[in-house]
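Listing of final-v8.cif, mmCIF, C-alpha atoms
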```cif
data_upload
#
loop_
_atom_site.label_atom_id
_atom_site.label_comp_id
_atom_site.auth_asym_id
_atom_site.auth_seq_id
_atom_site.Cartn_x
_atom_site.Cartn_y
_atom_site.Cartn_z
CA MET A 1 19.94 -8.09 -32.65
CA PHE A 2 21.69 -4.92 -31.49
CA TRP A 3 20.35 -3.15 -34.56
CA LEU A 4 16.77 -4.33 -33.85
CA ASP A 5 17.05 -3.30 -30.20
CA ALA A 6 18.35 0.13 -31.14
CA GLN A 7 15.46 0.67 -33.55
CA VAL A 8 13.01 0.33 -30.67
CA ASN A 9 14.86 1.51 -27.58
CA ILE A 10 17.16 4.30 -28.83
CA PRO A 11 14.88 6.95 -30.32
CA VAL A 12 17.47 9.76 -30.36
CA LEU A 13 19.43 9.68 -33.61
CA THR A 14 22.67 11.04 -32.17
CA THR A 15 22.62 8.53 -29.32
CA ARG A 16 21.97 5.72 -31.76
CA LEU A 17 24.91 6.74 -33.92
CA ILE A 18 27.23 7.02 -30.91
CA SER A 19 26.16 3.55 -29.74
CA PHE A 20 27.04 2.00 -33.06
CA GLY A 21 30.32 3.89 -33.13
CA VAL A 22 31.23 2.42 -29.74
CA ALA A 23 30.27 -1.05 -30.99
CA ALA A 24 32.50 -0.54 -34.03
CA LEU A 25 35.41 0.51 -31.81
CA ILE A 26 34.98 -2.55 -29.58
CA LEU A 27 34.94 -4.92 -32.54
CA THR A 28 37.91 -3.22 -34.14
CA VAL A 29 39.99 -3.52 -30.96
CA ALA A 30 38.89 -7.15 -30.60
CA ALA A 31 40.01 -7.86 -34.17
CA MET A 32 43.38 -6.22 -33.49
CA LEU A 33 43.92 -8.37 -30.38
CA SER A 34 42.99 -11.45 -32.38
CA GLN A 35 45.53 -10.54 -35.06
CA ARG A 36 48.31 -10.37 -32.48
CA ARG A 37 47.81 -14.03 -31.68
CA ARG A 38 48.65 -15.03 -35.23
CA ARG A 39 52.13 -16.43 -35.63
CA SER A 40 53.10 -14.64 -38.79
CA TRP A 41 52.39 -11.40 -40.58
CA THR A 42 51.84 -13.44 -43.72
CA ARG A 43 48.62 -14.87 -42.37
CA ALA A 44 47.60 -11.46 -41.14
CA ARG A 45 48.27 -10.03 -44.57
CA ASP A 46 46.20 -12.75 -46.23
CA THR A 47 43.23 -12.20 -43.95
CA GLY A 48 43.58 -8.46 -43.48
CA ALA A 49 40.74 -7.51 -45.80
CA ASP A 50 38.41 -9.98 -44.10
CA GLY A 51 39.35 -8.66 -40.67
CA SER A 52 38.27 -5.20 -41.75
CA TRP A 53 34.69 -6.47 -41.81
CA ALA A 54 34.60 -6.19 -38.02
CA PRO A 55 33.83 -2.44 -38.04
CA VAL A 56 31.79 -2.71 -41.23
CA LEU A 57 28.85 -4.53 -39.66
CA PRO A 58 27.93 -2.03 -36.92
CA LEU A 59 28.72 0.96 -39.10
CA VAL A 60 26.53 -0.21 -41.95
CA ALA A 61 23.90 -0.83 -39.27
CA ALA A 62 24.32 2.79 -38.22
CA CYS A 63 23.48 3.87 -41.76
CA ALA A 64 20.56 1.45 -41.85
CA SER A 65 19.05 2.73 -38.62
CA PHE A 66 19.83 6.38 -39.23
CA LEU A 67 18.25 6.97 -42.63
CA PRO A 68 14.65 5.76 -42.02
CA ALA A 69 14.34 8.00 -38.96
CA MET A 70 15.73 10.92 -40.95
CA LEU A 71 13.08 10.16 -43.53
CA LEU A 72 10.29 10.65 -41.00
CA ASP A 73 11.91 13.76 -39.56
CA SER A 74 12.29 15.34 -42.98
CA SER A 75 8.77 14.58 -44.14
CA LEU A 76 6.90 15.64 -41.03
CA ARG A 77 8.96 18.63 -39.89
CA PRO A 78 10.07 21.23 -42.43
CA ASP A 79 13.19 22.05 -40.44
CA GLY A 80 14.29 18.42 -40.78
CA LEU A 81 15.00 18.98 -44.46
CA GLY A 82 17.97 21.11 -43.50
CA ARG A 83 19.56 18.17 -41.67
CA TRP A 84 20.18 16.00 -44.74
CA TRP A 85 23.90 16.34 -44.08
CA LEU A 86 23.54 14.14 -40.99
CA CYS A 87 23.24 11.15 -43.30
CA GLY A 88 26.89 11.74 -44.19
CA VAL A 89 28.03 11.34 -40.58
CA PRO A 90 28.03 7.51 -40.56
CA ILE A 91 29.67 7.53 -44.00
CA GLY A 92 32.45 9.73 -42.61
CA VAL A 93 32.84 7.39 -39.64
CA LEU A 94 33.10 4.49 -42.10
CA LEU A 95 35.91 6.25 -43.96
CA PHE A 96 37.78 6.94 -40.73
CA PHE A 97 37.56 3.38 -39.43
CA GLY A 98 38.38 1.95 -42.84
CA ALA A 99 41.55 4.01 -43.17
CA TRP A 100 42.59 3.35 -39.58
CA ARG A 101 41.95 -0.40 -39.88
CA ALA A 102 43.91 -0.57 -43.13
CA TRP A 103 46.82 1.22 -41.50
CA VAL A 104 46.82 -1.19 -38.55
CA LEU A 105 46.76 -4.27 -40.79
CA ARG A 106 49.50 -3.20 -43.17
CA ALA A 107 52.44 -5.56 -43.30
CA PRO A 108 55.90 -4.35 -42.20
CA GLY A 109 57.81 -2.85 -45.08
CA ALA A 110 54.75 -2.74 -47.36
CA GLY A 111 53.45 0.78 -47.39
CA GLY A 112 51.78 3.19 -49.75
CA ILE A 113 48.30 3.47 -51.14
CA ARG A 114 48.73 0.22 -53.07
CA ARG A 115 48.75 -1.73 -49.79
CA LEU A 116 46.00 0.26 -48.14
CA ALA A 117 43.58 0.34 -51.07
CA PRO A 118 42.31 -3.31 -50.88
CA THR A 119 41.44 -3.01 -47.20
CA ILE A 120 39.74 0.36 -47.66
CA VAL A 121 37.69 -1.08 -50.52
CA ALA A 122 36.72 -4.05 -48.33
CA VAL A 123 35.47 -1.62 -45.69
CA LEU A 124 33.59 0.70 -48.02
CA ALA A 125 32.15 -1.78 -50.51
CA PRO A 126 29.36 -3.07 -48.19
CA ALA A 127 28.29 0.50 -47.40
CA ALA A 128 28.22 1.38 -51.10
CA VAL A 129 26.12 -1.70 -51.94
CA TYR A 130 23.77 -0.90 -49.07
CA ALA A 131 23.33 2.70 -50.23
CA LEU A 132 22.61 1.61 -53.81
CA CYS A 133 19.90 -0.79 -52.56
CA HIS A 134 18.56 1.53 -49.87
CA TRP A 135 17.78 4.68 -51.82
CA PRO A 136 15.45 3.00 -54.39
CA LEU A 137 13.34 1.83 -51.44
CA LEU A 138 12.85 5.35 -50.11
CA SER A 139 9.24 6.33 -49.71
CA TRP A 140 8.70 9.96 -48.79
CA ILE A 141 5.82 10.32 -46.34
CA GLY A 142 4.00 13.58 -46.98
CA PRO A 143 1.48 15.55 -44.94
CA VAL A 144 -1.25 13.08 -45.95
CA ILE A 145 -0.53 9.63 -44.49
CA VAL A 146 -2.08 6.49 -45.98
CA GLU A 147 -2.19 3.02 -44.43
CA SER A 148 0.22 1.57 -46.99
CA ASP A 149 2.94 3.91 -45.71
CA GLY A 150 3.41 1.65 -42.69
CA GLY A 151 4.36 -1.36 -44.80
CA ARG A 152 6.67 0.68 -46.99
CA LEU A 153 8.51 2.17 -44.01
CA ALA A 154 8.75 -1.27 -42.40
CA LEU A 155 10.32 -2.63 -45.58
CA LEU A 156 12.79 0.24 -45.54
CA GLY A 157 13.68 -0.37 -41.90
CA GLY A 158 13.80 -4.16 -42.21
CA PHE A 159 16.12 -4.01 -45.19
CA GLY A 160 18.99 -2.97 -42.92
CA ALA A 161 18.66 -6.10 -40.79
CA LEU A 162 18.37 -8.28 -43.92
CA PHE A 163 21.47 -6.70 -45.39
CA LEU A 164 23.45 -7.33 -42.21
CA LEU A 165 22.29 -10.95 -42.21
CA GLY A 166 23.55 -11.33 -45.77
CA LEU A 167 26.95 -9.91 -44.80
CA CYS A 168 27.21 -12.30 -41.87
CA LEU A 169 26.25 -15.32 -44.00
CA MET A 170 28.81 -14.41 -46.66
CA ARG A 171 31.54 -14.01 -44.04
CA ALA A 172 30.58 -17.26 -42.30
CA ARG A 173 30.58 -19.19 -45.56
CA LYS A 174 34.02 -17.88 -46.54
CA THR A 175 35.45 -18.76 -43.13
CA ALA A 176 33.92 -22.24 -43.20
CA LEU A 177 35.16 -23.05 -46.71
CA ALA A 178 38.67 -21.83 -45.88
CA GLY A 179 39.08 -24.33 -43.06
CA ALA A 180 36.97 -27.24 -44.30
CA THR A 181 38.25 -30.46 -45.81
CA PRO A 182 36.54 -31.98 -48.87
CA GLY A 183 34.80 -34.53 -46.65
CA MET A 184 33.31 -31.83 -44.43
CA ARG A 185 31.78 -29.68 -47.13
CA GLY A 186 28.77 -31.97 -47.57
CA ARG A 187 27.80 -31.71 -43.92
CA TRP A 188 26.08 -28.36 -44.24
CA LEU A 189 22.73 -30.16 -43.83
CA ALA A 190 23.54 -30.49 -40.14
CA ALA A 191 22.92 -26.75 -39.85
CA SER A 192 19.48 -26.87 -41.47
CA PRO A 193 17.56 -26.85 -38.14
CA LEU A 194 19.41 -23.69 -37.15
CA LEU A 195 18.60 -22.18 -40.52
CA ALA A 196 14.92 -23.00 -40.04
CA LEU A 197 14.98 -21.37 -36.62
CA ALA A 198 16.69 -18.30 -38.10
CA LEU A 199 14.01 -18.01 -40.79
CA LEU A 200 11.27 -18.35 -38.15
CA ALA A 201 12.93 -15.68 -36.01
CA GLY A 202 13.21 -13.48 -39.09
CA TRP A 203 9.49 -13.81 -39.77
CA PHE A 204 8.57 -12.80 -36.24
CA SER A 205 11.08 -9.95 -36.41
CA TRP A 206 9.38 -8.69 -39.58
CA ILE A 207 6.00 -8.75 -37.82
CA ALA A 208 7.49 -6.85 -34.88
CA ILE A 209 9.08 -4.24 -37.15
CA ARG A 210 5.81 -3.68 -39.02
CA ALA A 211 3.87 -3.32 -35.77
CA ASP A 212 6.43 -0.92 -34.29
CA VAL A 213 6.44 1.23 -37.42
CA ALA A 214 2.63 1.22 -37.44
CA SER A 215 2.56 2.36 -33.82
CA GLY A 216 4.84 5.30 -34.52
CA LEU A 217 3.08 6.20 -37.76
CA ALA A 218 -0.29 6.11 -36.01
CA ASN A 219 0.95 8.74 -33.56
CA TRP A 220 1.84 11.08 -36.43
CA ALA A 221 -1.40 10.42 -38.31
CA ALA A 222 -3.53 10.94 -35.18
CA ARG A 223 -2.69 14.66 -35.16
CA GLY A 224 -4.48 15.47 -38.39
CA GLN A 225 -6.02 12.20 -39.55
CA PRO A 226 -7.49 10.44 -36.48
CA GLU A 227 -9.43 7.88 -38.53
CA VAL A 228 -6.34 6.83 -40.45
CA GLY A 229 -4.29 6.73 -37.25
CA GLU A 230 -6.93 4.52 -35.65
CA ARG A 231 -6.84 2.00 -38.49
CA ILE A 232 -3.04 1.92 -38.53
CA LEU A 233 -2.89 1.38 -34.78
CA LEU A 234 -5.48 -1.39 -34.98
CA SER A 235 -3.28 -3.14 -37.52
CA ALA A 236 -0.40 -3.03 -35.02
CA ILE A 237 -2.62 -4.49 -32.29
CA GLU A 238 -3.84 -7.21 -34.65
CA ALA A 239 -0.28 -8.10 -35.66
CA MET A 240 0.94 -8.31 -32.05
CA PRO A 241 -2.07 -8.64 -29.72
CA HIS A 242 0.15 -9.43 -26.73
CA GLU A 243 2.15 -6.20 -27.03
CA ARG A 244 0.62 -4.19 -24.19
CA GLN A 245 2.05 -0.83 -25.21
CA TYR A 246 -0.01 -0.70 -28.42
CA GLN A 247 -3.22 -1.38 -26.51
CA ARG A 248 -2.45 1.29 -23.93
CA GLN A 249 -1.61 3.65 -26.78
CA ARG A 250 -5.07 3.19 -28.30
CA THR A 251 -6.74 3.72 -24.92
CA PHE A 252 -4.92 6.99 -24.32
CA GLU A 253 -5.47 8.19 -27.89
CA HIS A 254 -9.23 8.13 -27.29
CA LEU A 255 -8.87 9.58 -23.80
CA GLY A 256 -6.86 12.44 -25.26
CA ARG A 257 -9.56 13.20 -27.82
CA ALA A 258 -12.21 13.14 -25.11
CA MET A 259 -10.23 15.58 -22.96
CA THR A 260 -9.61 17.81 -25.98
CA GLU A 261 -13.36 17.92 -26.58
CA ILE A 262 -14.01 18.77 -22.92
CA ASN A 263 -11.37 21.50 -22.82
CA SER A 264 -12.34 23.09 -26.11
CA ARG A 265 -16.13 22.90 -26.06
CA GLY A 266 -16.93 22.09 -22.45
CA ALA A 267 -19.26 19.38 -21.19
CA SER A 268 -22.42 20.56 -22.88
CA ALA A 269 -25.31 18.58 -24.27
CA GLU A 270 -24.01 19.23 -27.79
CA SER A 271 -20.50 17.91 -27.10
CA PHE A 272 -21.52 15.10 -24.75
CA ALA A 273 -22.23 12.64 -27.57
CA ALA A 274 -18.71 13.04 -28.99
CA ILE A 275 -17.18 12.79 -25.53
CA GLN A 276 -19.17 9.66 -24.76
CA ARG A 277 -18.15 8.06 -28.05
CA GLU A 278 -14.44 8.56 -27.38
CA LEU A 279 -14.75 7.40 -23.77
CA ALA A 280 -16.67 4.31 -24.85
CA LEU A 281 -13.93 3.33 -27.32
CA ALA A 282 -11.26 3.96 -24.69
CA GLU A 283 -13.10 1.90 -22.10
CA GLN A 284 -13.72 -0.93 -24.56
CA GLN A 285 -10.02 -1.17 -25.35
CA ALA A 286 -8.98 -0.78 -21.70
CA ARG A 287 -11.34 -3.53 -20.52
CA ALA A 288 -10.18 -5.89 -23.28
CA SER A 289 -6.58 -5.23 -22.28
CA ALA A 290 -7.33 -5.78 -18.60
CA ALA A 291 -9.00 -9.10 -19.45
CA MET A 292 -5.83 -10.22 -21.28
CA PHE A 293 -3.40 -8.89 -18.65
CA PRO A 294 -5.24 -8.88 -15.30
CA ASN A 295 -2.05 -8.50 -13.25
CA ASP A 296 -0.37 -5.72 -15.20
CA PRO A 297 -0.50 -2.53 -13.09
CA TRP A 298 -0.11 -0.23 -16.11
CA ILE A 299 -3.00 -1.88 -17.94
CA ILE A 300 -5.14 -1.57 -14.83
CA LEU A 301 -4.03 2.04 -14.48
CA ALA A 302 -5.15 2.75 -18.06
CA LEU A 303 -8.63 1.43 -17.26
CA ALA A 304 -8.70 3.40 -14.01
CA ASN A 305 -7.75 6.59 -15.90
CA THR A 306 -10.60 5.98 -18.35
CA LEU A 307 -13.15 5.59 -15.58
CA GLN A 308 -11.61 8.54 -13.73
CA ILE A 309 -12.45 10.80 -16.67
CA ARG A 310 -15.96 9.34 -16.83
CA GLY A 311 -16.35 10.31 -13.21
CA LEU A 312 -15.26 13.94 -13.62
CA ALA A 313 -17.48 16.44 -11.88
CA VAL A 314 -17.92 18.37 -15.13
CA LEU A 315 -19.60 15.31 -16.71
CA ARG A 316 -21.66 14.35 -13.71
CA PRO A 317 -24.71 16.56 -14.47
CA LEU A 318 -25.05 14.90 -17.88
CA SER A 319 -24.91 11.32 -16.56
CA PRO A 320 -25.10 11.32 -12.74
CA ALA A 321 -25.42 7.60 -12.03
CA GLU A 322 -22.83 6.55 -14.60
CA SER A 323 -20.29 9.09 -13.34
CA VAL A 324 -20.65 8.01 -9.72
CA ASP A 325 -20.30 4.32 -10.61
CA ALA A 326 -17.27 5.03 -12.79
CA ALA A 327 -15.54 7.00 -10.03
CA GLN A 328 -16.14 4.23 -7.49
CA GLU A 329 -14.80 1.54 -9.84
CA ALA A 330 -11.79 3.72 -10.68
CA ASP A 331 -10.98 3.99 -6.97
CA GLN A 332 -11.05 0.19 -6.67
CA LEU A 333 -8.82 -0.20 -9.72
CA PHE A 334 -6.29 2.30 -8.38
CA ALA A 335 -6.17 0.32 -5.13
CA ARG A 336 -5.63 -2.90 -7.07
CA ALA A 337 -2.85 -1.41 -9.18
CA TYR A 338 -1.22 -0.02 -6.03
CA GLU A 339 -1.34 -3.46 -4.41
CA ILE A 340 0.48 -4.96 -7.41
CA SER A 341 3.03 -2.17 -7.79
CA PRO A 342 3.15 0.14 -4.74
CA ASN A 343 4.65 3.61 -4.64
CA GLN A 344 4.41 4.32 -8.36
CA PRO A 345 4.33 8.15 -8.49
CA LEU A 346 2.04 8.36 -11.53
CA LEU A 347 -0.45 5.97 -9.96
CA LEU A 348 -0.44 7.85 -6.66
CA ARG A 349 -0.90 11.22 -8.37
CA ASN A 350 -3.90 10.14 -10.45
CA TRP A 351 -5.44 8.32 -7.51
CA ALA A 352 -5.06 11.43 -5.35
CA GLN A 353 -6.71 13.56 -8.04
CA LEU A 354 -9.66 11.14 -8.10
CA ARG A 355 -10.04 11.27 -4.33
CA PHE A 356 -9.74 15.07 -4.23
CA ASN A 357 -12.34 15.57 -6.97
CA ALA A 358 -14.66 13.22 -5.10
CA GLY A 359 -14.36 15.39 -1.96
CA ASP A 360 -12.15 12.97 0.00
CA PHE A 361 -9.50 15.56 0.88
CA TRP A 362 -7.99 13.51 3.70
CA GLY A 363 -7.52 10.48 1.42
CA ALA A 364 -6.06 12.65 -1.34
CA PHE A 365 -3.42 14.17 0.93
CA ARG A 366 -2.48 10.76 2.37
CA LEU A 367 -1.75 9.58 -1.16
CA ILE A 368 0.32 12.68 -1.82
CA ASP A 369 2.23 11.87 1.39
CA ARG A 370 3.08 8.45 -0.06
CA MET A 371 4.11 10.08 -3.32
CA GLU A 372 6.36 12.48 -1.44
CA ASP A 373 7.96 9.58 0.43
CA ALA A 374 8.55 7.74 -2.86
CA ILE A 375 10.18 10.67 -4.72
CA PRO A 376 11.19 13.26 -2.10
CA ASN A 377 13.69 14.96 -4.41
CA GLU A 378 11.27 15.59 -7.31
CA VAL A 379 8.95 18.54 -7.89
CA GLU A 380 5.77 16.59 -8.68
CA PRO A 381 4.51 15.65 -5.16
CA TYR A 382 4.96 19.20 -3.86
CA SER A 383 3.41 20.86 -6.92
CA GLU A 384 0.44 18.47 -6.75
CA ARG A 385 -0.05 19.22 -3.06
CA ILE A 386 0.18 22.96 -3.70
CA GLY A 387 -2.43 22.63 -6.45
CA PHE A 388 -4.86 20.99 -4.03
CA LEU A 389 -4.14 23.52 -1.29
CA LYS A 390 -4.67 26.47 -3.62
CA ARG A 391 -8.06 25.11 -4.64
CA MET A 392 -8.90 24.96 -0.93
CA ASN A 393 -7.49 28.47 -0.38
CA GLU A 394 -5.03 27.17 2.25
CA LEU A 395 -2.23 29.70 1.73
CA ASP A 396 -0.46 28.95 5.02
CA ALA A 397 -0.22 25.26 4.09
CA VAL A 398 1.25 26.28 0.71
CA HIS A 399 4.05 28.18 2.47
CA ARG A 400 4.71 25.21 4.78
CA THR A 401 4.96 22.92 1.75
CA LEU A 402 7.43 25.28 0.10
CA ALA A 403 9.52 25.42 3.28
CA ARG A 404 9.62 21.62 3.53
CA ALA A 405 10.49 21.25 -0.14
CA GLU A 406 13.36 23.73 0.15
CA SER A 407 15.30 21.33 2.35
CA ARG A 408 14.93 18.50 -0.19
CA LEU A 409 15.09 20.07 -3.65
CA ASP A 410 18.09 21.53 -5.41
CA PRO A 411 17.95 25.24 -6.36
CA ALA A 412 16.83 24.59 -9.93
CA ARG A 413 13.91 22.37 -8.89
CA MET A 414 13.02 24.75 -6.07
CA ALA A 415 12.87 27.65 -8.52
CA GLU A 416 10.56 25.59 -10.70
CA LEU A 417 8.30 24.83 -7.74
CA ARG A 418 8.17 28.48 -6.70
CA GLY A 419 7.24 29.36 -10.27
CA VAL A 420 4.36 26.88 -10.16
CA ALA A 421 3.16 28.26 -6.87
CA GLY A 422 3.53 31.80 -8.13
CA MET A 423 1.55 31.14 -11.30
CA GLN A 424 -1.18 29.58 -9.28
CA GLN A 425 -1.33 32.60 -6.99
CA LYS A 426 -2.01 34.96 -9.92
#
```
Spell out the structure here as structure tokens.
Amino acid sequence: MFWLDAQVNIPVLTTRLISFGVAALILTVAAMLSQRRRRSWTRARDTGADGSWAPVLPLVAACASFLPAMLLDSSLRPDGLGRWWLCGVPIGVLLFFGAWRAWVLRAPGAGGIRRLAPTIVAVLAPAAVYALCHWPLLSWIGPVIVESDGGRLALLGGFGALFLLGLCLMRARKTALAGATPGMRGRWLAASPLLALALLAGWFSWIAIRADVASGLANWAARGQPEVGERILLSAIEAMPHERQYQRQRTFEHLGRAMTEINSRGASAESFAAIQRELALAEQQARASAAMFPNDPWIILALANTLQIRGLAVLRPLSPAESVDAAQEADQLFARAYEISPNQPLLLRNWAQLRFNAGDFWGAFRLIDRMEDAIPNEVEPYSERIGFLKRMNELDAVHRTLARAESRLDPARMAELRGVAGMQQK
């Protein structure tokens, strides 16, 4: 479960490796404390090789979680190819822990490589088996991404969890047989309900891994292959329709394309059809998400952002009535999201931008006041206020904002804010 959690919540490879190293250290120390409770070194000597499995599990998991991410880095960024040596880091950690664990478990008076070798082999053998099984599954993802790549990467990532499960089952079976009497060995059927639950959990875990891989792969594909990225992301939504992040991701993918079209070509009659198409897809997804999760402030915020873009002044000449209605509904949705989750800085910022663009300057600045109260030691509320003031040509108010911020921000953040204000003055 730690491995699965790290796959999703620890995106930085170095942090992930450090986390598994800490887990290995904790388990190793726990195994050492357990050994001290044994009454004789004979028993410790007999079970020494098995005890060395404690650091094996998290360290093999480190290899399992490290290599698939390296695969994506290497295939999609040329400079990642020069980091192949990082795959050797967990192997080196394995060697260190194996040698250290073997040294700790050695019996008094029995030294030399002959005593250490069995324990070192017990530590390294699982990693060697994993590597031999892992590399044939490698699937290099090139510049052109196809939909089948998601399943292949999911198989590669899921293999690590399956391998760890196999190690645990082997260790559990050996422990059970060592302490079981002949009459107890036929009672394994009592564990069949737990086995069924484990298989069911494994199936749902496989679905989750495939959907998570598809979500990440869709992000990469969207840069050069938007149609492929769209199909891959839809497969993730279909696999896990109650995962809200995937639905928000699709909404913002289409919003991003609409804004790219507006920024690159402007809101002209020629580009309006493409802009409308992307906004329609974003709104369709956002409304479907809001119907499924009516009390989720982030889902409501995604719909409000969609309608906010529909209501932009630059689009208003091309569809006056629709833009006005969209801006009014967006304002209501922002208010609803704020009622559910007040003082969210992102919500307040976007809501203030909507009010300012609609000409409600008083309302916009009141929202920025709330944002400033929520995060007084961050740059964003002051930079947003300065942006509004500069558009109104209120230079004295800009200086007052800078003076107020100076008493709340550290020198680094204050320098950043002055840079923003200075760039806007040019």
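When the PyMOL selection byres ((chain A and resi 383) around 10) is evaluated on the file shown here, the picked residues come out as Glu378, Val379, Glu380, Pro381, Tyr382, Glu384, Arg385, Ile386, Gly387, Phe388, Leu389, Val398, Thr401, Leu402, Ala405, Glu416, Leu417, Arg418, Gly419, Val420 and Ala421 of chain A.
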(request) Convert the output of the PyMOL selection byres ((chain A and resi 241-255) around 6) on the shown file into explicit residues, formatted as a ChimeraX atom specification. (result) /A:237-238,240,256-258,278,282,285-286
(request) Evaluate the PyMOL selection byres ((chain A and resi 292-299) around 10) here and jot the selected residues down as a ChimeraX atom specification. (result) /A:241-242,244-245,247-248,251,286-291,300-305,333-334,336-342,344,346-347
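Within 8 Å of the point (-4.6, 14.2, -44.5), counting only C-alpha atoms, the protein and nucleic acid residues come to Pro143, Val144, Ile145, Ala221, Gly224 and Gln225 of chain A.
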(request) Grab the atom CA of A:Leu312 to atom CA of A:Glu230 distance for me, in Å with one decimal place. (result) 25.4 Å
(message) Which residues are near stretch 259-270 of chain A? Cut-off 8 Å, all atoms listed in the file, ignore same chain within fewer than 3 positions. Put them as a VMD selection string.
(response) chain A and resid 255 to 256 273 to 275 314 to 315 318
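Rounded to one decimal, atom CA of A:Glu372 and atom CA of A:Arg349 lie 10.1 Å from each other.
Between atom CA of A:Gly216 and atom CA of A:Ile232 the separation is 9.5 Å.
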Return the padded bounding box of stretch 280-288 of chain A as lines of an AutoDock Vina configuration file: axis-aligned, built from all atoms listed in the file, 5 Å added on each side, with centre and edge lengths in Å to one decimal.
```
center_x = -12.8
center_y = -0.8
center_z = -23.9
size_x = 17.7
size_y = 20.2
size_z = 16.8
```
(request) Would you mind listing what lies within 7 Å of stretch 352-366 of chain A as a ChimeraX atom specification, with all atoms listed in the file counted and same-chain residues fewer than 4 positions away left out? (result) /A:308,348,370
(request) Mind checking which residues fall within 9 Å of A:Ala218, counting all atoms listed in the file, ignoring those fewer than 2 positions away in the same chain, and posting them as number ranges by chain? (result) A: 150, 213-216, 220-223, 226, 228-233
Could you save the residues just selected, with C-alpha atoms, as a CSV table (one decimal), in the frame of the given file?
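The file below, again29.csv, is the result:
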```csv
chain,number,residue,atom,x,y,z
A,150,GLY,CA,3.4,1.6,-42.7
A,213,VAL,CA,6.4,1.2,-37.4
A,214,ALA,CA,2.6,1.2,-37.4
A,215,SER,CA,2.6,2.4,-33.8
A,216,GLY,CA,4.8,5.3,-34.5
A,220,TRP,CA,1.8,11.1,-36.4
A,221,ALA,CA,-1.4,10.4,-38.3
A,222,ALA,CA,-3.5,10.9,-35.2
A,223,ARG,CA,-2.7,14.7,-35.2
A,226,PRO,CA,-7.5,10.4,-36.5
A,228,VAL,CA,-6.3,6.8,-40.4
A,229,GLY,CA,-4.3,6.7,-37.2
A,230,GLU,CA,-6.9,4.5,-35.6
A,231,ARG,CA,-6.8,2.0,-38.5
A,232,ILE,CA,-3.0,1.9,-38.5
A,233,LEU,CA,-2.9,1.4,-34.8
```
Residues within 8 Å of stretch 197-206 of chain A, only C-alpha atoms, excluding chain neighbours under 3 positions, as a short mmCIF file (atom, residue, chain, number, x, y, z; two decimals) with C-alpha atoms, in the coordinates of the input:
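Result file is out_37.cif:
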```
data_model
loop_
_atom_site.label_atom_id
_atom_site.label_comp_id
_atom_site.auth_asym_id
_atom_site.auth_seq_id
_atom_site.Cartn_x
_atom_site.Cartn_y
_atom_site.Cartn_z
CA ALA A 154 8.75 -1.27 -42.40
CA GLY A 158 13.80 -4.16 -42.21
CA PRO A 193 17.56 -26.85 -38.14
CA LEU A 194 19.41 -23.69 -37.15
CA ILE A 209 9.08 -4.24 -37.15
CA ARG A 210 5.81 -3.68 -39.02
#
```
Show which residues sit within 9 Å of A:Leu409, as a PDB file with C-alpha atoms, in the frame of the given file. Count only C-alpha atoms, and ignore same-chain residues fewer than 2 positions away.
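See part-v8.pdb below for the written result:
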```pdb
ATOM      1  CA  PRO A 376      11.190  13.260  -2.100  1.00  0.00           C
ATOM      2  CA  ASN A 377      13.690  14.960  -4.410  1.00  0.00           C
ATOM      3  CA  GLU A 378      11.270  15.590  -7.310  1.00  0.00           C
ATOM      4  CA  VAL A 379       8.950  18.540  -7.890  1.00  0.00           C
ATOM      5  CA  ALA A 405      10.490  21.250  -0.140  1.00  0.00           C
ATOM      6  CA  GLU A 406      13.360  23.730   0.150  1.00  0.00           C
ATOM      7  CA  SER A 407      15.300  21.330   2.350  1.00  0.00           C
ATOM      8  CA  PRO A 411      17.950  25.240  -6.360  1.00  0.00           C
ATOM      9  CA  ALA A 412      16.830  24.590  -9.930  1.00  0.00           C
ATOM     10  CA  ARG A 413      13.910  22.370  -8.890  1.00  0.00           C
ATOM     11  CA  MET A 414      13.020  24.750  -6.070  1.00  0.00           C
TER      12      MET A 414
END
```
